[in-house]
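A.B. asks: Handing over data-v5.csv, CSV, C-alpha atoms and all ligand atoms.
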```csv
chain,number,residue,atom,x,y,z
Z,24,MET,CA,-28.9,-24.4,10.1
Z,25,ILE,CA,-29.5,-21.8,12.9
Z,26,ILE,CA,-31.5,-22.6,16.0
Z,27,VAL,CA,-32.3,-19.6,18.1
Z,28,LEU,CA,-33.2,-20.7,21.7
Z,29,LYS,CA,-35.9,-19.1,23.8
Z,30,PRO,CA,-34.5,-16.5,26.2
Z,31,GLN,CA,-33.6,-17.4,29.8
Z,32,GLN,CA,-33.4,-21.2,29.3
Z,33,ASN,CA,-32.1,-23.4,32.0
Z,34,GLN,CA,-28.6,-24.5,31.1
Z,35,GLU,CA,-29.2,-28.2,31.8
Z,36,LYS,CA,-32.1,-28.2,29.3
Z,37,ILE,CA,-29.9,-26.5,26.7
Z,38,ASP,CA,-27.0,-29.0,27.2
Z,39,HIS,CA,-29.5,-31.9,26.9
Z,40,PHE,CA,-30.9,-30.5,23.7
Z,41,ILE,CA,-27.4,-30.0,22.2
Z,42,GLN,CA,-26.4,-33.6,23.2
Z,43,LYS,CA,-29.6,-34.9,21.5
Z,44,LEU,CA,-28.7,-33.0,18.3
Z,45,ILE,CA,-25.2,-34.4,18.2
Z,46,SER,CA,-26.3,-38.0,18.9
Z,47,SER,CA,-29.2,-37.9,16.4
Z,48,TYR,CA,-27.5,-36.2,13.4
Z,49,ASP,CA,-24.2,-36.0,11.7
Z,50,VAL,CA,-23.5,-32.5,12.8
Z,51,THR,CA,-21.3,-30.4,15.1
Z,52,VAL,CA,-22.9,-27.6,17.1
Z,53,ASN,CA,-21.5,-24.1,17.6
Z,54,THR,CA,-22.9,-22.3,20.5
Z,55,TRP,CA,-23.1,-18.5,20.6
Z,56,VAL,CA,-24.3,-17.0,23.8
Z,57,GLY,CA,-25.5,-13.4,23.4
Z,58,ALA,CA,-26.9,-11.0,25.9
Z,59,HIS,CA,-30.5,-11.8,25.0
Z,60,SER,CA,-30.5,-15.2,23.4
Z,61,THR,CA,-28.4,-18.3,22.6
Z,62,VAL,CA,-27.9,-19.2,19.0
Z,63,LEU,CA,-26.9,-22.7,17.9
Z,64,GLY,CA,-25.2,-23.2,14.6
Z,65,LEU,CA,-25.4,-26.7,13.1
Z,66,LEU,CA,-22.6,-27.6,10.8
Z,67,GLY,CA,-22.4,-30.8,8.7
Z,68,ASP,CA,-25.1,-32.7,7.0
Z,69,THR,CA,-28.3,-31.1,8.1
Z,70,THR,CA,-30.5,-32.6,5.3
Z,71,ALA,CA,-31.8,-35.2,7.7
Z,72,VAL,CA,-32.8,-32.6,10.3
Z,73,ASP,CA,-36.6,-32.0,10.3
Z,74,ASP,CA,-37.1,-28.2,10.8
Z,75,GLU,CA,-40.6,-28.5,12.1
Z,76,TYR,CA,-39.7,-31.1,14.7
Z,77,ILE,CA,-36.8,-28.9,15.9
Z,78,ALA,CA,-39.0,-25.8,16.0
Z,79,ALA,CA,-41.6,-27.7,18.2
Z,80,GLN,CA,-39.0,-28.4,20.9
Z,81,ASP,CA,-39.5,-26.8,24.3
Z,82,VAL,CA,-36.3,-24.7,24.3
Z,83,VAL,CA,-36.5,-23.5,20.7
Z,84,GLU,CA,-37.6,-20.1,19.6
Z,85,SER,CA,-37.0,-20.4,15.8
Z,86,VAL,CA,-35.2,-22.4,13.1
Z,87,ARG,CA,-33.6,-21.1,9.9
Z,88,ARG,CA,-31.7,-22.7,7.1
Z,89,VAL,CA,-28.5,-20.9,6.1
Z,90,GLN,CA,-28.2,-20.8,2.3
Z,91,GLU,CA,-24.7,-19.2,2.2
Z,92,PRO,CA,-21.8,-21.6,1.9
Z,93,TYR,CA,-19.8,-19.8,4.6
Z,94,LYS,CA,-21.0,-20.7,8.0
Z,95,LYS,CA,-18.5,-19.8,10.7
Z,96,ALA,CA,-17.8,-16.5,9.1
Z,97,ASN,CA,-21.6,-15.8,8.7
Z,98,ARG,CA,-23.2,-13.2,10.9
Z,99,LYS,CA,-26.2,-15.4,11.2
Z,100,PHE,CA,-24.1,-17.8,13.2
Z,101,HIS,CA,-22.5,-15.2,15.3
Z,102,PRO,CA,-24.7,-12.0,15.4
Z,103,GLU,CA,-22.3,-9.8,17.3
Z,104,ASP,CA,-19.1,-8.3,15.9
Z,105,THR,CA,-15.9,-10.3,16.5
Z,106,VAL,CA,-13.2,-8.3,18.2
Z,107,ILE,CA,-9.6,-9.3,17.9
Z,108,THR,CA,-7.7,-8.5,21.0
Z,109,LEU,CA,-3.9,-9.0,21.2
Z,110,PRO,CA,-2.1,-9.8,24.4
Z,111,GLY,CA,-0.9,-6.2,24.6
Z,112,GLY,CA,-4.5,-5.0,24.5
Z,113,GLN,CA,-4.5,-3.7,21.0
Z,114,GLN,CA,-7.8,-4.4,19.2
Z,115,ILE,CA,-9.2,-4.7,15.8
Z,116,GLY,CA,-13.0,-4.5,15.6
Z,117,GLY,CA,-13.7,-3.1,19.0
Z,118,GLY,CA,-15.4,0.1,17.9
Z,119,ALA,CA,-12.2,2.1,17.3
Z,120,LEU,CA,-10.3,2.5,14.1
Z,121,ALA,CA,-7.2,0.4,14.2
Z,122,LEU,CA,-4.2,1.8,12.3
Z,123,ILE,CA,-1.6,-0.5,10.9
Z,124,ALA,CA,1.3,1.3,9.3
Z,125,GLY,CA,4.8,0.7,8.1
Z,126,PRO,CA,6.9,0.2,5.0
Z,127,CYS,CA,6.0,-2.2,2.2
Z,128,SER,CA,9.3,-4.0,2.9
Z,129,VAL,CA,11.7,-4.1,5.8
Z,130,GLU,CA,15.0,-2.7,4.4
Z,131,SER,CA,17.3,-2.1,7.4
Z,132,GLU,CA,17.2,-1.7,11.2
Z,133,ALA,CA,17.4,2.1,11.0
Z,134,GLN,CA,14.5,2.2,8.5
Z,135,ILE,CA,12.1,-0.1,10.3
Z,136,CYS,CA,12.8,1.4,13.7
Z,137,SER,CA,12.5,5.0,12.6
Z,138,VAL,CA,9.2,4.4,10.7
Z,139,ALA,CA,7.9,2.4,13.7
Z,140,GLU,CA,8.6,5.2,16.1
Z,141,SER,CA,7.0,7.8,13.9
Z,142,VAL,CA,3.8,5.9,13.1
Z,143,LYS,CA,3.4,5.1,16.7
Z,144,ALA,CA,3.7,8.7,17.6
Z,145,SER,CA,0.9,9.4,15.1
Z,146,GLY,CA,-1.5,6.8,16.6
Z,147,ALA,CA,-0.7,3.6,14.8
Z,148,ALA,CA,-1.3,0.6,17.1
Z,149,PHE,CA,0.4,-2.0,14.8
Z,150,LEU,CA,3.5,-2.1,12.7
Z,151,ARG,CA,3.4,-3.6,9.2
Z,152,GLY,CA,6.5,-4.6,7.1
Z,153,GLY,CA,7.1,-7.3,4.6
Z,154,ALA,CA,10.0,-9.7,5.0
Z,155,PHE,CA,8.8,-12.3,2.5
Z,156,LYS,CA,7.6,-10.3,-0.5
Z,157,PRO,CA,5.3,-11.6,-3.3
Z,158,ARG,CA,6.8,-9.8,-6.3
Z,159,THR,CA,5.5,-10.0,-9.9
Z,160,SER,CA,9.1,-10.2,-11.2
Z,161,PRO,CA,11.5,-12.9,-9.9
Z,162,TYR,CA,14.3,-10.4,-10.4
Z,163,ALA,CA,12.8,-7.8,-8.1
Z,164,PHE,CA,13.7,-7.4,-4.4
Z,165,GLN,CA,12.2,-10.4,-2.6
Z,166,GLY,CA,12.4,-9.1,0.9
Z,167,MET,CA,14.9,-9.6,3.7
Z,168,LYS,CA,13.2,-12.9,4.8
Z,169,ALA,CA,14.4,-14.2,8.2
Z,170,GLU,CA,16.6,-11.2,8.8
Z,171,GLY,CA,13.6,-8.9,8.1
Z,172,LEU,CA,11.6,-10.7,10.7
Z,173,GLN,CA,14.4,-10.2,13.2
Z,174,LEU,CA,14.4,-6.5,12.4
Z,175,LEU,CA,10.7,-6.3,12.9
Z,176,SER,CA,11.2,-8.0,16.3
Z,177,GLN,CA,13.7,-5.3,17.2
Z,178,ALA,CA,11.3,-2.5,16.2
Z,179,LYS,CA,8.6,-4.2,18.3
Z,180,LYS,CA,11.0,-4.3,21.3
Z,181,LYS,CA,11.7,-0.6,20.9
Z,182,THR,CA,8.1,0.6,20.4
Z,183,GLY,CA,5.8,-2.1,21.7
Z,184,LEU,CA,3.9,-2.2,18.4
Z,185,PRO,CA,2.7,-5.7,17.5
Z,186,ILE,CA,4.0,-7.0,14.1
Z,187,VAL,CA,1.8,-7.6,11.0
Z,188,THR,CA,3.7,-9.4,8.3
Z,189,GLU,CA,3.0,-11.7,5.3
Z,190,ILE,CA,3.6,-15.4,5.2
Z,191,MET,CA,4.1,-16.9,1.7
Z,192,SER,CA,4.9,-20.5,2.6
Z,193,ILE,CA,3.9,-22.7,5.5
Z,194,GLU,CA,7.6,-23.8,5.7
Z,195,HIS,CA,8.4,-20.4,7.0
Z,196,LEU,CA,6.0,-20.7,10.0
Z,197,PRO,CA,8.7,-21.5,12.6
Z,198,LEU,CA,10.2,-18.1,11.9
Z,199,PHE,CA,6.9,-16.4,12.7
Z,200,ASP,CA,6.8,-17.0,16.5
Z,201,ASN,CA,7.2,-13.4,17.4
Z,202,VAL,CA,4.8,-12.2,14.7
Z,203,ASP,CA,1.5,-11.0,16.2
Z,204,VAL,CA,-0.8,-11.0,13.1
Z,205,ILE,CA,0.0,-13.2,10.1
Z,206,GLN,CA,-0.9,-11.7,6.8
Z,207,VAL,CA,-2.1,-13.8,3.9
Z,208,GLY,CA,-1.5,-11.7,0.8
Z,209,ALA,CA,-3.9,-11.2,-2.1
Z,210,ARG,CA,-2.0,-13.7,-4.2
Z,211,ASN,CA,-2.4,-16.4,-1.6
Z,212,MET,CA,-6.0,-15.8,-0.8
Z,213,GLN,CA,-7.0,-19.1,-2.4
Z,214,ASN,CA,-3.9,-21.1,-1.3
Z,215,PHE,CA,-6.1,-23.5,0.5
Z,216,GLU,CA,-3.4,-25.6,2.0
Z,217,LEU,CA,-1.8,-22.5,3.5
Z,218,LEU,CA,-5.1,-21.4,4.9
Z,219,LYS,CA,-5.8,-24.8,6.5
Z,220,GLN,CA,-2.4,-24.8,8.2
Z,221,LEU,CA,-3.0,-21.2,9.5
Z,222,GLY,CA,-6.4,-22.4,10.8
Z,223,LYS,CA,-4.6,-24.7,13.2
Z,224,LEU,CA,-2.9,-21.7,14.9
Z,225,GLN,CA,-4.3,-19.5,17.7
Z,226,LYS,CA,-3.1,-16.3,16.2
Z,227,PRO,CA,-4.9,-13.6,14.2
Z,228,ILE,CA,-4.8,-13.9,10.5
Z,229,LEU,CA,-5.1,-10.9,8.2
Z,230,LEU,CA,-6.7,-12.2,5.0
Z,231,LYS,CA,-6.4,-9.9,2.0
Z,232,ARG,CA,-8.9,-10.2,-0.9
Z,233,GLY,CA,-7.5,-11.6,-4.1
Z,234,LEU,CA,-7.0,-9.4,-7.1
Z,235,ALA,CA,-9.9,-11.1,-8.9
Z,236,ASN,CA,-11.9,-12.6,-6.2
Z,237,THR,CA,-15.5,-12.0,-5.2
Z,238,ILE,CA,-16.7,-11.1,-1.7
Z,239,GLU,CA,-18.1,-14.6,-1.3
Z,240,GLU,CA,-14.8,-16.2,-2.3
Z,241,LEU,CA,-13.1,-14.0,0.3
Z,242,LEU,CA,-15.5,-15.3,2.9
Z,243,MET,CA,-15.0,-18.9,1.8
Z,244,SER,CA,-11.2,-18.4,2.3
Z,245,ALA,CA,-11.9,-17.1,5.8
Z,246,GLU,CA,-14.1,-20.2,6.3
Z,247,TYR,CA,-11.1,-22.4,5.5
Z,248,ILE,CA,-9.2,-20.9,8.4
Z,249,MET,CA,-12.1,-20.9,10.8
Z,250,ALA,CA,-13.1,-24.5,9.9
Z,251,GLU,CA,-9.8,-25.6,11.3
Z,252,GLY,CA,-10.4,-23.9,14.6
Z,253,ASN,CA,-8.9,-20.4,14.3
Z,254,GLN,CA,-11.7,-17.9,14.6
Z,255,GLN,CA,-9.4,-14.9,14.6
Z,256,VAL,CA,-9.7,-13.7,11.0
Z,257,ILE,CA,-9.5,-10.1,9.8
Z,258,LEU,CA,-10.8,-9.4,6.3
Z,259,CYS,CA,-9.0,-6.8,4.1
Z,260,GLU,CA,-10.3,-5.1,1.0
Z,261,ARG,CA,-7.2,-4.0,-1.0
Z,262,GLY,CA,-8.6,-3.2,-4.4
Z,263,ILE,CA,-9.5,-5.5,-7.3
Z,264,ARG,CA,-8.6,-5.7,-10.9
Z,265,THR,CA,-11.0,-3.9,-13.2
Z,266,TYR,CA,-10.6,-2.3,-16.7
Z,267,GLU,CA,-9.6,1.0,-15.0
Z,268,THR,CA,-5.9,1.8,-15.5
Z,269,MET,CA,-5.6,5.2,-13.7
Z,270,THR,CA,-5.1,3.4,-10.4
Z,271,ARG,CA,-3.1,0.2,-9.6
Z,272,ASN,CA,-6.4,-1.5,-8.6
Z,273,THR,CA,-9.9,-0.3,-8.0
Z,274,LEU,CA,-10.9,0.1,-4.3
Z,275,ASP,CA,-14.2,-1.7,-3.9
Z,276,ILE,CA,-15.4,0.5,-1.1
Z,277,SER,CA,-18.8,-1.2,-1.1
Z,278,ALA,CA,-17.1,-4.4,0.0
Z,279,VAL,CA,-16.7,-2.9,3.4
Z,280,PRO,CA,-20.4,-2.5,4.4
Z,281,VAL,CA,-21.3,-5.6,2.4
Z,282,LEU,CA,-18.8,-7.7,4.3
Z,283,LYS,CA,-19.8,-6.3,7.6
Z,284,ARG,CA,-23.4,-7.1,6.9
Z,285,LEU,CA,-22.7,-10.7,5.8
Z,286,SER,CA,-20.0,-11.5,8.4
Z,287,HIS,CA,-19.1,-10.7,12.0
Z,288,LEU,CA,-15.4,-10.6,11.2
Z,289,PRO,CA,-13.6,-7.2,11.4
Z,290,VAL,CA,-13.0,-5.6,8.0
Z,291,ILE,CA,-10.0,-3.3,7.2
Z,292,VAL,CA,-9.0,-1.4,4.1
Z,293,ASP,CA,-5.6,-1.1,2.4
Z,294,PRO,CA,-5.7,2.1,0.4
Z,295,SER,CA,-2.0,1.8,-0.6
Z,296,HIS,CA,-2.3,-1.4,-2.8
Z,297,ALA,CA,-5.8,-0.3,-3.9
Z,298,SER,CA,-4.5,2.9,-5.5
Z,299,GLY,CA,-0.8,2.6,-6.1
Z,300,VAL,CA,-0.3,6.3,-5.8
Z,301,SER,CA,0.6,8.2,-2.6
Z,302,TRP,CA,-1.7,11.2,-3.1
Z,303,LEU,CA,-4.8,9.0,-3.2
Z,304,ILE,CA,-4.1,7.3,0.1
Z,305,GLU,CA,-5.6,10.0,2.3
Z,306,PRO,CA,-8.9,10.4,0.4
Z,307,LEU,CA,-9.4,6.6,0.2
Z,308,ALA,CA,-8.5,6.1,3.9
Z,309,ILE,CA,-11.1,8.8,4.7
Z,310,ALA,CA,-13.7,7.0,2.5
Z,311,ALA,CA,-12.9,3.7,4.3
Z,312,ALA,CA,-13.3,5.3,7.7
Z,313,ALA,CA,-16.6,6.8,6.6
Z,314,VAL,CA,-18.1,3.5,5.4
Z,315,GLY,CA,-17.4,1.7,8.7
Z,316,ALA,CA,-14.0,0.0,8.2
Z,317,ASP,CA,-12.6,-1.3,11.5
Z,318,GLY,CA,-9.1,-0.4,10.5
Z,319,LEU,CA,-6.6,0.7,7.8
Z,320,ILE,CA,-3.3,-0.8,6.7
Z,321,ILE,CA,-1.1,1.8,5.1
Z,322,GLU,CA,2.4,1.8,3.6
Z,323,VAL,CA,4.6,4.5,5.2
Z,324,HIS,CA,8.3,4.9,4.2
Z,325,ASN,CA,10.9,7.3,5.6
Z,326,ASP,CA,12.3,7.9,2.0
Z,327,PRO,CA,9.6,6.9,-0.6
Z,328,PRO,CA,11.7,7.7,-3.7
Z,329,HIS,CA,14.4,5.3,-2.6
Z,330,ALA,CA,12.0,2.5,-1.3
Z,331,LEU,CA,13.0,-1.0,-2.5
Z,332,CYS,CA,9.3,-1.8,-3.1
Z,333,ASP,CA,6.1,0.2,-3.7
Z,334,GLY,CA,7.7,3.7,-3.2
Z,335,ALA,CA,5.1,5.3,-5.5
Z,336,GLN,CA,2.3,4.4,-3.1
Z,337,SER,CA,4.2,5.0,0.1
Z,338,ILE,CA,3.5,8.1,2.2
Z,339,THR,CA,5.9,9.8,4.5
Z,340,PRO,CA,5.6,9.7,8.3
Z,341,ALA,CA,4.6,13.4,8.2
Z,342,GLN,CA,1.8,12.6,5.7
Z,343,PHE,CA,0.7,9.7,7.9
Z,344,GLU,CA,0.4,12.0,10.8
Z,345,THR,CA,-2.0,14.3,9.0
Z,346,LEU,CA,-3.9,11.3,7.6
Z,347,ALA,CA,-4.3,9.7,11.0
Z,348,LYS,CA,-5.8,12.9,12.4
Z,349,LYS,CA,-8.3,13.3,9.6
Z,350,VAL,CA,-9.4,9.7,9.5
Z,351,SER,CA,-10.0,9.5,13.2
Z,352,GLN,CA,-12.1,12.7,13.0
Z,353,VAL,CA,-14.2,11.2,10.2
Z,354,PHE,CA,-14.5,7.9,12.0
Z,355,ARG,CA,-15.6,9.5,15.2
Z,356,THR,CA,-18.2,11.7,13.4
Z,357,VAL,CA,-19.6,8.8,11.5
Z,358,GLN,CA,-19.8,6.5,14.5
Z,359,GLY,CA,-21.4,9.3,16.5
Z,360,LEU,CA,-18.6,9.3,19.1
A,401,LIG,C1,1.4,-6.2,1.1
A,401,LIG,O1,0.6,-5.8,1.9
A,401,LIG,O2,2.7,-6.0,1.2
A,401,LIG,C2,1.0,-6.8,-0.2
A,401,LIG,C3,1.9,-7.4,-1.0
A,401,LIG,O3,-0.3,-6.6,-0.4
A,401,LIG,P1,-1.3,-7.4,-1.4
A,401,LIG,O4,-1.2,-8.9,-1.0
A,401,LIG,O5,-2.6,-6.9,-1.1
A,401,LIG,O6,-0.8,-7.2,-2.8
A,402,MN,MN,3.5,-3.1,-1.0
```
Would you write the structure of this file as structure tokens?
Ligand code: PEP
Ligand code: MN

C.D. replies:
Amino acid sequence: MIIVLKPQQNQEKIDHFIQKLISSYDVTVNTWVGAHSTVLGLLGDTTAVDDEYIAAQDVVESVRRVQEPYKKANRKFHPEDTVITLPGGQQIGGGALALIAGPCSVESEAQICSVAESVKASGAAFLRGGAFKPRTSPYAFQGMKAEGLQLLSQAKKKTGLPIVTEIMSIEHLPLFDNVDVIQVGARNMQNFELLKQLGKLQKPILLKRGLANTIEELLMSAEYIMAEGNQQVILCERGIRTYETMTRNTLDISAVPVLKRLSHLPVIVDPSHASGVSWLIEPLAIAAAAVGADGLIIEVHNDPPHALCDGAQSITPAQFETLAKKVSQVFRTVQGL
């Protein structure tokens, strides 16, 4: 349930009203203070709450029931966009297009450091690189694991780029201290125990949409993280399974404006896993920037034909440079900047 308070209310009256709600009903109250109004979000069992009685209270402007099962991720609970800001000042969702780039997998110190330097020079604000890899085949390269995370730390030390990398098991969390944004991959989007544990952290979580999951299921997975206290969730559209076989997945471009309408969380797009082929990355990245994505996560490799993972969809640093220029132009035009 959403309660919008009348503008310019005395704080004491608001506090008293919130206390009354908490003591009368089995609910918790989320307060969102905006420039023009204060919105209270009631979570829990609101069946006993009488809408008309609440609407008649002195401080109340309006009352609305929220039908959607996601509450904290819902834009109705938090009308303004959430902006994720890292200690180094890098942002996702602050009105600029955040570029996250790097190889599918960390392979060596030379590889990760050289890719990090190049993508930084082209405008990337974050470095991606998998250390724990979810592979379809148990015989395929599984990632450099702890060593890969150390190499990412070295690249971060050299370039200052914050690290975005995937966690596959909560047991590995102690290794993730120096990781800035923890990625939950498509295959783990509904690993609810993992989501709950990540919800206890105060670190941004990049949550990728599952291969066969709906937009609402993605929002419910975000809700799992947020319900535990961590409000820093970034949603990522990375393509879904359809009957189409020309591309690795089908980029659901409409998911971007739909998610941004339903939720206040930032939304980014991964054109690499969505398409599976390097020549499609640029047009899909441009499309994502045009429909209002807050960022892009792109696989860049210094030597794609010899990549240990996802070489076919990896672009070179030079291709990334061209792409970055084009997408920022499109983004600025569409945003009217
Ligand atoms: C990745 O980003 O490296 C990855 C494995 O992506 P996804 O979970 O979207 O398949
Ligand atoms: Mn990959």

A.B. asks: Write out as a list in words which residues come within 12 Å of Leu360 in chain Z when counting all atoms listed in the file, dropping same-chain ones fewer than 3 positions away.

C.D. replies: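 Selected residues are Gly118, Ala119, Leu120, Ser351, Gln352, Val353, Phe354, Arg355, Thr356 and Val357 of chain Z.
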
A.B. asks: Given a cut-off of 10 Å, what residues near ligand MN 402 (chain A) show up using only C-alpha atoms and all ligand atoms, put as a PyMOL selection string?

C.D. replies: chain Z and resi 125-128+152-153+156-158+293+295-296+299+321-323+331-337

A.B. asks: Tell me, in Å to one decimal, how far CA of Ile338 in chain Z is from CA of Ile186 in chain Z.

C.D. replies: 19.2 Å

A.B. asks: With a distance cut-off of 9 Å and all atoms listed in the file, select the neighbouring residues of Glu216 in chain Z, excluding the residue or stretch itself and same-chain residues fewer than 4 positions from it, and output the selection as a VMD selection string.

C.D. replies: chain Z and resid 193 220 to 221

A.B. asks: Applying 6 Å and only C-alpha atoms, which residues near range 74-87 of chain Z remain after dropping the ones on its own chain fewer than 6 positions away? List them as a list in words.

C.D. replies: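 Result of the neighbour search: Met24, Ile25, Ile26, Val27, Leu28 and Lys29 of chain Z.
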
A.B. asks: Considering all atoms listed in the file, can you say which of Z:Arg264, Z:Lys180, Z:Lys349, Z:Lys219 comes closest to Ala245 in chain Z?

C.D. replies: Z:Lys219

A.B. asks: Tell me which protein, DNA and RNA residues are within 10 Å of Gln134 in chain Z, counting all atoms listed in the file, leaving out same-chain ones fewer than 3 positions away, and put them as a list in words.

C.D. replies: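 Non-adjacent residues within range: Gly125, Pro126, Ser128, Val129, Glu130, Ser131, Ser137, Val138, Ala139, Leu174, Ala178, His324, Asn325 and Asp326 of chain Z.
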
A.B. asks: Which distance in Å separates CA of Leu150 in chain Z and CA of Glu239 in chain Z, to one decimal?

C.D. replies: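 These atoms are spaced 28.6 Å apart.
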
A.B. asks: Measuring between only C-alpha atoms, which one of Z:Lys226, Z:Lys181, Z:Lys143, Z:Arg261 shows the shortest distance to Thr273 in chain Z?

C.D. replies: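 For Thr273 in chain Z, the nearest of the candidates is Z:Arg261.
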
A.B. asks: Using only C-alpha atoms and all ligand atoms, which of the listed residues (Z:Val207, Z:Ile135, Z:Leu303, Z:Ala235) sits closest to ligand LIG 401 (chain A)?

C.D. replies: Z:Val207

A.B. asks: Which of these residues is nearest to ligand LIG 401 (chain A), using only C-alpha atoms and all ligand atoms: Z:Glu267, Z:Glu344, Z:Glu189, Z:Glu240?

C.D. replies: Z:Glu189

A.B. asks: I want to know what sits within 12 Å of Asn211 in chain Z, based on only C-alpha atoms, with residues of the same chain fewer than 2 positions away left out; could you give that as a VMD selection string?

C.D. replies: chain Z and resid 156 to 157 189 to 193 206 to 209 213 to 218 229 to 236 241 244

A.B. asks: Return the single residue from Z:Ser160, Z:Ile115, Z:Gln173, Z:Leu122 that is closest to Ser145 in chain Z, with distances computed using all atoms listed in the file.

C.D. replies: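 Selected residue with least distance to Ser145 in chain Z: Z:Leu122.
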
A.B. asks: Given all atoms listed in the file as the basis, pick out the residue of Z:Asp49, Z:Glu246, Z:Asp200, Z:Glu194 nearest to Asp68 in chain Z.

C.D. replies: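 Closest residue, counting all atoms listed in the file: Z:Asp49.
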
A.B. asks: So the first atom is CA of Gly111 in chain Z and the second is CA of Gly166 in chain Z; what is the distance between them in Å, to one decimal place?

C.D. replies: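 It comes out at 27.3 Å.
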